[in-house]
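Colleague: Provided below: final.pdb, containing PDB, C-alpha atoms.
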ATOM      1  CA  MET A   1       0.000   0.000   0.000
ATOM      2  CA  ALA A   2       2.271   2.746   1.180
ATOM      3  CA  SER A   3       4.753   1.792  -1.480
ATOM      4  CA  ALA A   4       2.376   3.015  -4.149
ATOM      5  CA  PRO A   5       2.897   6.654  -4.903
ATOM      6  CA  SER A   6       0.026   8.969  -4.282
ATOM      7  CA  GLU A   7      -1.608   9.617  -7.615
ATOM      8  CA  SER A   8      -2.935  12.989  -6.732
ATOM      9  CA  THR A   9      -2.721  15.403  -3.901
ATOM     10  CA  THR A  10      -6.230  16.712  -3.813
ATOM     11  CA  GLY A  11      -6.157  17.666  -0.172
ATOM     12  CA  VAL A  12      -9.728  16.425   0.165
ATOM     13  CA  PRO A  13     -10.591  15.921   3.815
ATOM     14  CA  LEU A  14     -10.317  12.279   4.623
ATOM     15  CA  ALA A  15     -12.828  10.488   6.789
ATOM     16  CA  ILE A  16     -12.259   7.061   8.262
ATOM     17  CA  PHE A  17     -14.939   5.120  10.107
ATOM     18  CA  LYS A  18     -14.755   1.963  12.100
ATOM     19  CA  ILE A  19     -17.566  -0.561  12.365
ATOM     20  CA  ILE A  20     -17.380  -3.536  14.696
ATOM     21  CA  ILE A  21     -18.710  -6.903  13.585
ATOM     22  CA  ALA A  22     -19.650  -8.974  16.622
ATOM     23  CA  GLY A  23     -21.448 -12.212  17.333
ATOM     24  CA  GLY A  24     -20.806 -15.705  18.570
ATOM     25  CA  PHE A  25     -18.454 -18.287  17.098
ATOM     26  CA  GLY A  26     -19.496 -19.351  13.650
ATOM     27  CA  ALA A  27     -22.134 -16.644  13.376
ATOM     28  CA  GLY A  28     -20.630 -15.536  10.072
ATOM     29  CA  LYS A  29     -18.398 -12.596  11.014
ATOM     30  CA  THR A  30     -15.569 -13.576   8.707
ATOM     31  CA  THR A  31     -18.016 -14.277   5.889
ATOM     32  CA  LEU A  32     -19.716 -10.939   6.342
ATOM     33  CA  VAL A  33     -16.482  -8.960   6.298
ATOM     34  CA  GLY A  34     -15.312 -10.859   3.218
ATOM     35  CA  ALA A  35     -18.599 -10.345   1.398
ATOM     36  CA  ILE A  36     -18.394  -6.585   1.266
ATOM     37  CA  SER A  37     -14.876  -5.405   1.886
ATOM     38  CA  GLU A  38     -11.318  -5.740   0.759
ATOM     39  CA  VAL A  39     -10.050  -8.198   3.344
ATOM     40  CA  ARG A  40      -6.609  -7.516   4.766
ATOM     41  CA  PRO A  41      -4.511  -9.799   6.946
ATOM     42  CA  LEU A  42      -4.273  -8.694  10.538
ATOM     43  CA  CYS A  43      -3.176 -10.575  13.577
ATOM     44  CA  THR A  44      -3.089  -9.931  17.247
ATOM     45  CA  GLU A  45      -0.912 -11.576  19.823
ATOM     46  CA  GLU A  46      -2.704 -14.104  21.883
ATOM     47  CA  VAL A  47      -1.950 -17.674  22.726
ATOM     48  CA  LEU A  48      -4.677 -20.130  21.929
ATOM     49  CA  THR A  49      -5.028 -22.784  24.517
ATOM     50  CA  THR A  50      -6.483 -26.226  24.117
ATOM     51  CA  ALA A  51      -9.524 -24.874  25.917
ATOM     52  CA  SER A  52     -10.470 -23.126  22.722
ATOM     53  CA  THR A  53     -10.107 -26.169  20.507
ATOM     54  CA  GLY A  54     -13.306 -26.890  18.711
ATOM     55  CA  PHE A  55     -14.704 -23.467  19.372
ATOM     56  CA  ASP A  56     -12.443 -21.077  17.571
ATOM     57  CA  ASP A  57     -12.443 -20.368  13.928
ATOM     58  CA  LEU A  58      -8.948 -21.605  13.343
ATOM     59  CA  ALA A  59      -8.732 -20.992   9.628
ATOM     60  CA  GLY A  60      -5.280 -19.660   8.989
ATOM     61  CA  VAL A  61      -4.097 -20.411  12.493
ATOM     62  CA  GLU A  62      -4.249 -24.171  12.361
ATOM     63  CA  ASP A  63      -1.443 -24.448  14.826
ATOM     64  CA  LYS A  64      -3.443 -24.117  17.985
ATOM     65  CA  ARG A  65      -0.374 -23.069  19.890
ATOM     66  CA  ALA A  66       0.270 -20.187  17.553
ATOM     67  CA  THR A  67       1.236 -17.044  19.333
ATOM     68  CA  THR A  68      -0.913 -14.880  17.141
ATOM     69  CA  VAL A  69      -4.504 -15.082  16.063
ATOM     70  CA  ALA A  70      -6.037 -13.674  12.923
ATOM     71  CA  MET A  71      -8.500 -10.860  13.229
ATOM     72  CA  ASP A  72     -11.212 -10.111  10.729
ATOM     73  CA  PHE A  73     -10.292  -6.865   9.079
ATOM     74  CA  GLY A  74     -11.757  -5.380   5.932
ATOM     75  CA  ARG A  75     -11.738  -2.030   4.222
ATOM     76  CA  ILE A  76     -14.322  -0.360   2.019
ATOM     77  CA  THR A  77     -13.363   2.690   0.001
ATOM     78  CA  PHE A  78     -15.950   5.207  -1.111
ATOM     79  CA  GLY A  79     -14.893   7.677  -3.731
ATOM     80  CA  SER A  80     -11.758   9.562  -3.001
ATOM     81  CA  HIS A  81     -12.003  10.444   0.639
ATOM     82  CA  LEU A  82     -14.167   8.039   2.614
ATOM     83  CA  LEU A  83     -12.939   4.825   4.180
ATOM     84  CA  LEU A  84     -14.927   2.330   6.186
ATOM     85  CA  TYR A  85     -12.970  -0.187   8.231
ATOM     86  CA  LEU A  86     -14.637  -3.346   9.472
ATOM     87  CA  PHE A  87     -13.188  -5.219  12.429
ATOM     88  CA  GLY A  88     -14.461  -8.526  13.705
ATOM     89  CA  THR A  89     -14.437  -8.998  17.449
ATOM     90  CA  PRO A  90     -12.176 -11.707  18.803
ATOM     91  CA  GLY A  91     -14.544 -14.426  19.830
ATOM     92  CA  GLN A  92     -13.410 -15.478  23.249
ATOM     93  CA  ASP A  93     -14.380 -14.118  26.615
ATOM     94  CA  ARG A  94     -10.819 -13.434  27.567
ATOM     95  CA  PHE A  95     -10.581 -11.032  24.628
ATOM     96  CA  TRP A  96     -12.965  -8.569  26.256
ATOM     97  CA  PHE A  97     -10.160  -6.089  26.715
ATOM     98  CA  MET A  98      -9.934  -5.899  22.959
ATOM     99  CA  TRP A  99     -13.608  -5.068  22.634
ATOM    100  CA  ASP A 100     -13.040  -1.858  24.562
ATOM    101  CA  GLU A 101     -10.403  -0.604  22.234
ATOM    102  CA  LEU A 102     -12.233  -1.844  19.168
ATOM    103  CA  SER A 103     -15.443  -0.113  20.100
ATOM    104  CA  TYR A 104     -13.814   3.075  21.294
ATOM    105  CA  GLY A 105     -14.569   5.676  18.685
ATOM    106  CA  ALA A 106     -16.455   3.207  16.525
ATOM    107  CA  LEU A 107     -19.293   4.431  14.373
ATOM    108  CA  GLY A 108     -21.324   1.461  15.509
ATOM    109  CA  ALA A 109     -21.564  -2.292  15.594
ATOM    110  CA  VAL A 110     -23.296  -5.150  13.856
ATOM    111  CA  VAL A 111     -24.261  -8.077  16.075
ATOM    112  CA  LEU A 112     -24.566 -11.165  13.928
ATOM    113  CA  ALA A 113     -27.116 -13.566  15.314
ATOM    114  CA  ASP A 114     -27.411 -17.231  14.474
ATOM    115  CA  THR A 115     -30.949 -18.303  15.352
ATOM    116  CA  ARG A 116     -29.741 -21.836  16.047
ATOM    117  CA  ARG A 117     -27.534 -20.454  18.805
ATOM    118  CA  LEU A 118     -29.143 -17.185  19.653
ATOM    119  CA  ALA A 119     -27.718 -17.101  23.162
ATOM    120  CA  ASP A 120     -24.246 -16.747  21.650
ATOM    121  CA  CYS A 121     -24.924 -13.134  20.806
ATOM    122  CA  PHE A 122     -26.330 -12.137  24.209
ATOM    123  CA  PRO A 123     -22.927 -10.955  25.470
ATOM    124  CA  SER A 124     -22.455  -8.778  22.375
ATOM    125  CA  VAL A 125     -25.870  -7.166  22.799
ATOM    126  CA  ASP A 126     -25.185  -6.575  26.488
ATOM    127  CA  TYR A 127     -21.804  -5.116  25.763
ATOM    128  CA  PHE A 128     -22.955  -2.570  23.207
ATOM    129  CA  GLU A 129     -25.993  -1.606  25.250
ATOM    130  CA  LYS A 130     -23.823  -0.930  28.284
ATOM    131  CA  ARG A 131     -21.221   0.995  26.341
ATOM    132  CA  ARG A 132     -23.874   2.909  24.441
ATOM    133  CA  VAL A 133     -22.365   1.906  21.144
ATOM    134  CA  PRO A 134     -25.082   2.085  18.484
ATOM    135  CA  PHE A 135     -25.720  -1.331  17.000
ATOM    136  CA  VAL A 136     -28.017  -3.345  14.803
ATOM    137  CA  VAL A 137     -28.781  -7.038  15.075
ATOM    138  CA  ALA A 138     -28.342  -8.900  11.807
ATOM    139  CA  ILE A 139     -29.957 -12.315  11.799
ATOM    140  CA  ASN A 140     -27.826 -14.486   9.573
ATOM    141  CA  CYS A 141     -30.141 -16.766   7.614
ATOM    142  CA  PHE A 142     -28.110 -19.929   7.346
ATOM    143  CA  ASP A 143     -29.126 -22.712   5.044
ATOM    144  CA  GLY A 144     -31.199 -25.114   7.025
ATOM    145  CA  ALA A 145     -31.754 -22.745   9.899
ATOM    146  CA  ALA A 146     -35.359 -22.510  10.919
ATOM    147  CA  ALA A 147     -36.959 -19.410   9.510
ATOM    148  CA  HIS A 148     -37.441 -16.820  12.176
ATOM    149  CA  ASN A 149     -39.052 -13.499  11.938
ATOM    150  CA  THR A 150     -37.297 -10.511  13.330
ATOM    151  CA  GLU A 151     -39.961 -10.024  15.993
ATOM    152  CA  ASP A 152     -39.198 -13.395  17.589
ATOM    153  CA  VAL A 153     -35.532 -12.487  17.710
ATOM    154  CA  ARG A 154     -36.263  -9.041  19.113
ATOM    155  CA  ILE A 155     -38.240 -10.587  21.919
ATOM    156  CA  ALA A 156     -35.647 -13.267  22.592
ATOM    157  CA  LEU A 157     -32.901 -10.656  22.787
ATOM    158  CA  ASP A 158     -35.084  -8.176  24.642
ATOM    159  CA  LEU A 159     -34.005  -5.482  22.223
ATOM    160  CA  ASP A 160     -34.860  -1.859  22.750
ATOM    161  CA  PRO A 161     -37.568  -0.841  20.284
ATOM    162  CA  GLN A 162     -35.277   1.558  18.458
ATOM    163  CA  VAL A 163     -32.534  -0.997  17.816
ATOM    164  CA  PRO A 164     -32.951  -2.346  14.297
ATOM    165  CA  ALA A 165     -33.089  -6.095  13.730
ATOM    166  CA  VAL A 166     -32.703  -7.193  10.131
ATOM    167  CA  LEU A 167     -32.489 -10.489   8.312
ATOM    168  CA  CYS A 168     -29.353 -11.023   6.288
ATOM    169  CA  ASP A 169     -27.292 -13.489   4.363
ATOM    170  CA  ALA A 170     -23.692 -12.816   5.344
ATOM    171  CA  ARG A 171     -22.480 -14.372   2.100
ATOM    172  CA  ARG A 172     -24.254 -11.861  -0.115
ATOM    173  CA  PRO A 173     -22.759  -8.421  -0.604
ATOM    174  CA  GLU A 174     -26.160  -6.859  -1.302
ATOM    175  CA  SER A 175     -27.507  -8.221   1.940
ATOM    176  CA  VAL A 176     -24.500  -7.111   3.972
ATOM    177  CA  LYS A 177     -24.747  -3.708   2.358
ATOM    178  CA  ARG A 178     -28.311  -3.379   3.641
ATOM    179  CA  VAL A 179     -27.144  -4.298   7.134
ATOM    180  CA  LEU A 180     -24.493  -1.584   7.102
ATOM    181  CA  ILE A 181     -26.994   0.922   5.706
ATOM    182  CA  SER A 182     -29.423   0.106   8.504
ATOM    183  CA  LEU A 183     -26.655   0.710  11.020
ATOM    184  CA  VAL A 184     -25.665   4.094   9.619
ATOM    185  CA  GLU A 185     -29.335   5.089   9.369
ATOM    186  CA  HIS A 186     -29.779   4.032  12.967
ATOM    187  CA  VAL A 187     -26.824   6.147  14.072
ATOM    188  CA  LEU A 188     -28.277   9.110  12.200
ATOM    189  CA  ALA A 189     -31.813   8.584  13.492
ATOM    190  CA  SER A 190     -30.745   8.189  17.087
ATOM    191  CA  GLY A 191     -28.982  11.504  17.003
ATOM    192  CA  LEU A 192     -25.711   9.887  17.913
ATOM    193  CA  ALA A 193     -24.041  11.902  15.246
ATOM    194  CA  SER A 194     -23.184  15.449  16.072
ATOM    195  CA  GLY A 195     -25.265  17.852  14.044
ATOM    196  CA  THR A 196     -22.529  20.336  13.499
ATOM    197  CA  GLY A 197     -18.829  20.566  13.411
ATOM    198  CA  PRO A 198     -16.220  19.156  11.187
ATOM    199  CA  GLY A 199     -16.887  15.580  12.233
ATOM    200  CA  ARG A 200     -14.197  13.062  11.823
ATOM    201  CA  ARG A 201     -12.355  14.577   9.015
ATOM    202  CA  ILE A 202      -8.734  15.193   8.831
ATOM    203  CA  ARG A 203      -6.967  17.374   6.387
ATOM    204  CA  LEU A 204      -4.363  15.434   4.555
ATOM    205  CA  ALA A 205      -2.074  16.835   1.986
ATOM    206  CA  ARG A 206      -2.296  13.551   0.229
ATOM    207  CA  SER A 207      -5.260  11.823  -1.272
ATOM    208  CA  LEU A 208      -6.900   8.650  -0.182
ATOM    209  CA  ALA A 209      -4.696   6.811  -2.607
ATOM    210  CA  SER A 210      -1.903   7.072  -0.110
ATOM    211  CA  ILE A 211      -3.899   5.009   2.359
ATOM    212  CA  THR A 212      -5.294   2.467  -0.006
ATOM    213  CA  GLY A 213      -2.294   2.268  -2.254
ATOM    214  CA  GLY A 214      -4.774   2.955  -5.056
TER
ATOM    215  CA  MET B   1       3.185 -15.847  29.473
ATOM    216  CA  GLY B   2       6.451 -16.734  31.144
ATOM    217  CA  VAL B   3       9.136 -17.891  28.787
ATOM    218  CA  GLY B   4      10.292 -20.403  31.332
ATOM    219  CA  ASP B   5       6.849 -21.945  31.436
ATOM    220  CA  ASP B   6       6.970 -25.701  30.928
ATOM    221  CA  LYS B   7       4.706 -25.646  27.923
ATOM    222  CA  TRP B   8       7.229 -23.675  25.904
ATOM    223  CA  VAL B   9      10.151 -26.014  26.075
ATOM    224  CA  ASP B  10       9.826 -28.335  23.080
ATOM    225  CA  ARG B  11       9.388 -28.024  19.337
ATOM    226  CA  GLU B  12       5.715 -28.792  19.615
ATOM    227  CA  SER B  13       5.341 -25.615  21.534
ATOM    228  CA  GLY B  14       5.436 -23.488  18.412
ATOM    229  CA  PRO B  15       7.519 -20.431  17.720
ATOM    230  CA  VAL B  16      10.360 -19.955  20.154
ATOM    231  CA  VAL B  17      10.571 -16.231  19.632
ATOM    232  CA  ARG B  18       7.539 -14.597  21.130
ATOM    233  CA  PRO B  19       6.022 -11.608  19.364
ATOM    234  CA  TYR B  20       7.092  -9.183  22.044
ATOM    235  CA  ALA B  21      10.730 -10.187  21.665
ATOM    236  CA  LEU B  22      10.784  -7.461  19.009
ATOM    237  CA  THR B  23       9.859  -4.908  21.608
ATOM    238  CA  GLY B  24      12.282  -6.101  24.234
ATOM    239  CA  GLY B  25       9.396  -7.676  26.081
ATOM    240  CA  ARG B  26       7.505  -4.429  26.392
ATOM    241  CA  THR B  27       3.772  -4.703  25.864
ATOM    242  CA  GLU B  28       2.828  -1.127  26.696
ATOM    243  CA  PRO B  29       3.493   1.818  24.401
ATOM    244  CA  VAL B  30       6.250   4.048  25.742
ATOM    245  CA  THR B  31       3.994   7.054  25.205
ATOM    246  CA  GLY B  32       1.336   5.516  27.411
ATOM    247  CA  VAL B  33      -1.182   6.176  24.667
ATOM    248  CA  MET B  34      -2.881   3.286  22.883
ATOM    249  CA  LEU B  35      -3.072   4.227  19.241
ATOM    250  CA  ASP B  36      -6.488   3.683  17.776
ATOM    251  CA  LEU B  37      -6.693   1.109  15.008
ATOM    252  CA  ILE B  38      -7.699   3.781  12.534
ATOM    253  CA  ALA B  39      -5.403   6.513  13.765
ATOM    254  CA  ILE B  40      -3.278   7.779  10.901
ATOM    255  CA  VAL B  41       0.454   7.724  11.320
ATOM    256  CA  VAL B  42       3.012   9.280   9.031
ATOM    257  CA  ALA B  43       6.770   9.510   9.056
ATOM    258  CA  ALA B  44       8.003  12.925  10.099
ATOM    259  CA  PRO B  45       9.536  14.905   7.271
ATOM    260  CA  ARG B  46      13.234  14.361   7.041
ATOM    261  CA  GLY B  47      14.967  17.346   8.481
ATOM    262  CA  ALA B  48      17.466  19.480   6.641
ATOM    263  CA  GLY B  49      20.217  17.548   8.350
ATOM    264  CA  GLY B  50      18.804  14.280   7.067
ATOM    265  CA  ASP B  51      17.089  11.640   9.117
ATOM    266  CA  ASP B  52      19.679   9.528  10.795
ATOM    267  CA  ARG B  53      18.312   6.021  10.820
ATOM    268  CA  THR B  54      21.495   4.325  11.830
ATOM    269  CA  GLY B  55      20.872   2.138  14.792
ATOM    270  CA  VAL B  56      17.225   1.797  13.889
ATOM    271  CA  GLY B  57      16.158  -1.850  13.815
ATOM    272  CA  PRO B  58      14.708  -3.546  10.736
ATOM    273  CA  GLU B  59      11.147  -3.569  12.064
ATOM    274  CA  TYR B  60      11.348   0.145  12.757
ATOM    275  CA  ARG B  61      12.750   0.757   9.299
ATOM    276  CA  LYS B  62       9.949  -1.232   7.747
ATOM    277  CA  ILE B  63       7.355   0.787   9.617
ATOM    278  CA  LEU B  64       9.060   4.057   8.712
ATOM    279  CA  ALA B  65       9.088   3.036   5.063
ATOM    280  CA  LEU B  66       5.384   2.201   5.166
ATOM    281  CA  CYS B  67       4.659   5.490   6.872
ATOM    282  CA  GLY B  68       6.295   7.457   4.094
ATOM    283  CA  GLN B  69       2.674   7.947   3.134
ATOM    284  CA  PRO B  70      -0.033   8.390   5.761
ATOM    285  CA  ALA B  71      -1.294   4.998   6.867
ATOM    286  CA  THR B  72      -3.646   3.703   9.532
ATOM    287  CA  VAL B  73      -2.289   1.696  12.439
ATOM    288  CA  ALA B  74      -4.309  -1.314  11.285
ATOM    289  CA  ASP B  75      -2.831  -1.075   7.799
ATOM    290  CA  VAL B  76       0.709  -0.781   9.133
ATOM    291  CA  ALA B  77       0.140  -3.923  11.195
ATOM    292  CA  SER B  78      -1.329  -5.668   8.187
ATOM    293  CA  ASP B  79       1.486  -4.656   5.843
ATOM    294  CA  THR B  80       4.279  -5.531   8.232
ATOM    295  CA  GLY B  81       2.655  -8.820   9.183
ATOM    296  CA  LEU B  82       3.457  -8.029  12.799
ATOM    297  CA  PRO B  83       0.889  -8.506  15.542
ATOM    298  CA  LEU B  84      -1.134  -5.422  16.341
ATOM    299  CA  GLY B  85       0.145  -4.955  19.886
ATOM    300  CA  VAL B  86       3.735  -5.225  18.739
ATOM    301  CA  VAL B  87       3.188  -2.623  16.036
ATOM    302  CA  ARG B  88       1.615  -0.288  18.566
ATOM    303  CA  VAL B  89       4.644  -0.523  20.841
ATOM    304  CA  LEU B  90       7.054   0.028  17.956
ATOM    305  CA  LEU B  91       5.013   2.944  16.615
ATOM    306  CA  ALA B  92       4.957   4.544  20.055
ATOM    307  CA  ASP B  93       8.754   4.285  20.183
ATOM    308  CA  LEU B  94       8.965   6.065  16.849
ATOM    309  CA  VAL B  95       6.507   8.720  18.030
ATOM    310  CA  ALA B  96       8.618   9.277  21.132
ATOM    311  CA  GLN B  97      11.697   9.616  18.917
ATOM    312  CA  GLY B  98       9.932  12.162  16.757
ATOM    313  CA  ARG B  99      10.176   9.937  13.706
ATOM    314  CA  ILE B 100       6.438   9.324  13.434
ATOM    315  CA  THR B 101       3.576  11.751  13.783
ATOM    316  CA  VAL B 102       0.049  10.713  14.675
ATOM    317  CA  MET B 103      -2.232  12.600  12.351
ATOM    318  CA  ARG B 104      -5.478  11.518  13.816
ATOM    319  CA  GLN B 105      -6.837  10.262  17.037
ATOM    320  CA  GLN B 106     -10.524   9.888  16.628
ATOM    321  CA  HIS B 107     -11.371   9.082  20.202
ATOM    322  CA  GLY B 108     -14.063  11.197  21.652
ATOM    323  CA  ASP B 109     -15.421  13.091  18.710
ATOM    324  CA  ARG B 110     -18.565  12.197  16.884
ATOM    325  CA  PRO B 111     -19.116  12.169  13.166
ATOM    326  CA  SER B 112     -21.199  14.896  11.649
ATOM    327  CA  ALA B 113     -24.572  14.022  10.147
ATOM    328  CA  ASP B 114     -23.332  15.288   6.792
ATOM    329  CA  LEU B 115     -20.468  12.878   6.839
ATOM    330  CA  LEU B 116     -22.736   9.992   7.760
ATOM    331  CA  GLU B 117     -25.005  10.887   4.848
ATOM    332  CA  GLU B 118     -21.945  10.589   2.641
ATOM    333  CA  VAL B 119     -21.257   7.138   4.051
ATOM    334  CA  LEU B 120     -24.867   6.177   3.343
ATOM    335  CA  HIS B 121     -24.598   7.377  -0.221
ATOM    336  CA  GLY B 122     -21.371   5.472  -0.597
ATOM    337  CA  LEU B 123     -22.877   2.267   0.738
ATOM    338  CA  ARG B 124     -25.959   2.540  -1.453
ATOM    339  CA  ALA B 125     -23.759   3.031  -4.473
ATOM    340  CA  LEU B 126     -21.700  -0.094  -3.805
TER
END
Translate this structure into C-alpha cells?
Modeller:
Amino acid sequence: MASAPSESTTGVPLAIFKIIIAGGFGAGKTTLVGAISEVRPLCTEEVLTTASTGFDDLAGVEDKRATTVAMDFGRITFGSHLLLYLFGTPGQDRFWFMWDELSYGALGAVVLADTRRLADCFPSVDYFEKRRVPFVVAINCFDGAAAHNTEDVRIALDLDPQVPAVLCDARRPESVKRVLISLVEHVLASGLASGTGPGRRIRLARSLASITGG
Amino acid sequence: MGVGDDKWVDRESGPVVRPYALTGGRTEPVTGVMLDLIAIVVAAPRGAGGDDRTGVGPEYRKILALCGQPATVADVASDTGLPLGVVRVLLADLVAQGRITVMRQQHGDRPSADLLEEVLHGLRAL
C-alpha cells in the first residue's frame, strides 16, 4: 500500500470510520467482512489454549499453539475520501479487553445472530448496550436454519424498540450492504451523530490513494 | 506468558521467539497512549540535516518506510505482518523519537450528520 505513490494530492478531507462486527463463534463474522470489503490480513498476539479447541475459527491459524490469532479486518473505500474499516471482534471471553479498544470511537456495531444459537450473541448485545455503542442485530439466515421473523428475535434478545433487527445473508454483498446501511441510518436517526462541526475529518495533503495504495 | 513456562520447552510448543521479543518484552506503548486502530500515522519529514536512521532496527525501518505515506495503524500492522500490539509498541517508540507523527486520534469526537449521509450514499452506491 504505502509503497504506491500517491496519484494525486487533492487535499480532500479524509474520513475514516470503524464498524465492529460482533457475534458468537461461527455466526458468520468472517463471511460478512469478506462479502463486502477488501479483506486484509491482521493478527493480534494471543496464545490459543487447548480450551479453545473446537470453538475457535482456526482458519489460517491451524497451529493451535500459535502465538498470534487472525483478526477479521476489511476495508471499504468510497470515492476519493471516505474509508470504512470493518473489524471482527475476537470471539473469546478473555478477549474482552480488545472489545473496549475496538469499540472506542467506533461508528457502531453489527451483532450477527445465528438463530440456532441465539444465546451466543447475548454478550455482544449486552456489551454494546452498556457501552452505548449504536448497534443493529443482523440475523444471519443460514441454510437449514429454521426461519425466524425478526420479531421473535427481538423478543428473545429483549431489544430496545429503536434498535434495528434485520435479516441477512452474510455471504451476499447486497444483503451485507443493507445491514451496514441500517446501522448508519440508525446512528443518524438516534442523534448519535453530532449535528454540526467538522466531524471526523482530517486534512491530509495527500489523497486517499496514499492510504489504499490505489 | 512466562518464557520459562513448561509448555514452551519443546518443538511442539510453536515459535520460540515470542512476538514481544521485538519490543524487548515491552507490551505497553512508551507514550502511554494506545493508538487507535484507525489513527493515521506518518513519518516525520526528514529534516534538513537528514534523518539519521542508523541504529534503527529492521522492524522500525519497515514501519518508517510504510509510513512514508499516511497509513492507519491497522494497515501498518497488516502490511508488516506483525501482531497489532507489537506494532503499537514500535510505533509509540517512533513517536517518542519524533520519527512518526500521529495525524489523527478519533477518540471522543462524533461524526457529523453530513459525513454519515456521505457514508450512506457510498454504501448505497456499492
Colleague: Go through B:Pro29, B:Pro19, B:Gly24, B:Gly55 one by one, measure the shortest atom-to-atom distance of each to chain A using all atoms listed in the file, and give the residue with the smallest value.
Modeller: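 So, comparing all the options, the nearest one is B:Pro19.
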Colleague: Of the residues A:Val137, A:Cys43, A:Ala106, A:Met98, which is the one nearest to A:Val176, using only C-alpha atoms?
Modeller: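 Under the stated criterion, the closest residue is A:Val137.
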Colleague: Spell out the residues picked by the ChimeraX specification (/A :<8) & /B here, as a ChimeraX atom specification.
Modeller: /B:13-15,18-19,36-38,65-72,74,77-79,81-86,103-104,106-116,119-120,122-124,126
Colleague: Which residue, B:Val89, B:Leu64, B:Ala125, B:Val41, has the smallest gap to B:Thr27 when you use all atoms listed in the file?
Modeller: B:Val89
Colleague: Between atom CA of A:Pro161 and atom CA of A:Trp99, what is the distance in Å, rounded to a tenth?
Modeller: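 Between atom CA of A:Pro161 and atom CA of A:Trp99 the gap works out to 24.4 Å.
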Colleague: Just how far from atom CA of B:Val87 is atom CA of B:Gly32, in Å to one decimal?
Modeller: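 One can read the atom CA of B:Gly32 to atom CA of B:Val87 distance as 14.1 Å.
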Colleague: Could you write out as a PyMOL selection string the residues that the PyMOL selection byres ((chain B and resi 59) around 9) matches in the shown file?
Modeller: chain B and resi 22+56-58+60-64+80+82+87+90
Colleague: One decimal, in Å: what's the spacing between atom CA of B:Tyr20 and atom CA of A:Ala22?
Modeller: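 These two atoms are separated by 27.3 Å.
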Colleague: Using all atoms listed in the file, which of the listed residues (A:Gly88, A:Pro134, A:Gly34, A:Gly28) sits closest to A:Pro164?
Modeller: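 Comparing A:Gly88, A:Pro134, A:Gly34, A:Gly28 against A:Pro164, the winner is A:Pro134.
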Colleague: Report the residues retrieved by the PyMOL selection byres ((chain A and resi 122) around 12) from the displayed file, expressed as a ChimeraX atom specification.
Modeller: /A:22-24,111-115,117-121,123-129,137,153-154,156-159
Colleague: Could you check which of B:Arg99, B:Arg26, B:Glu118, B:Leu94 is closest to B:Arg46, using only C-alpha atoms?
Modeller: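 Once distances to B:Arg46 are computed over only C-alpha atoms, the minimum belongs to B:Arg99.
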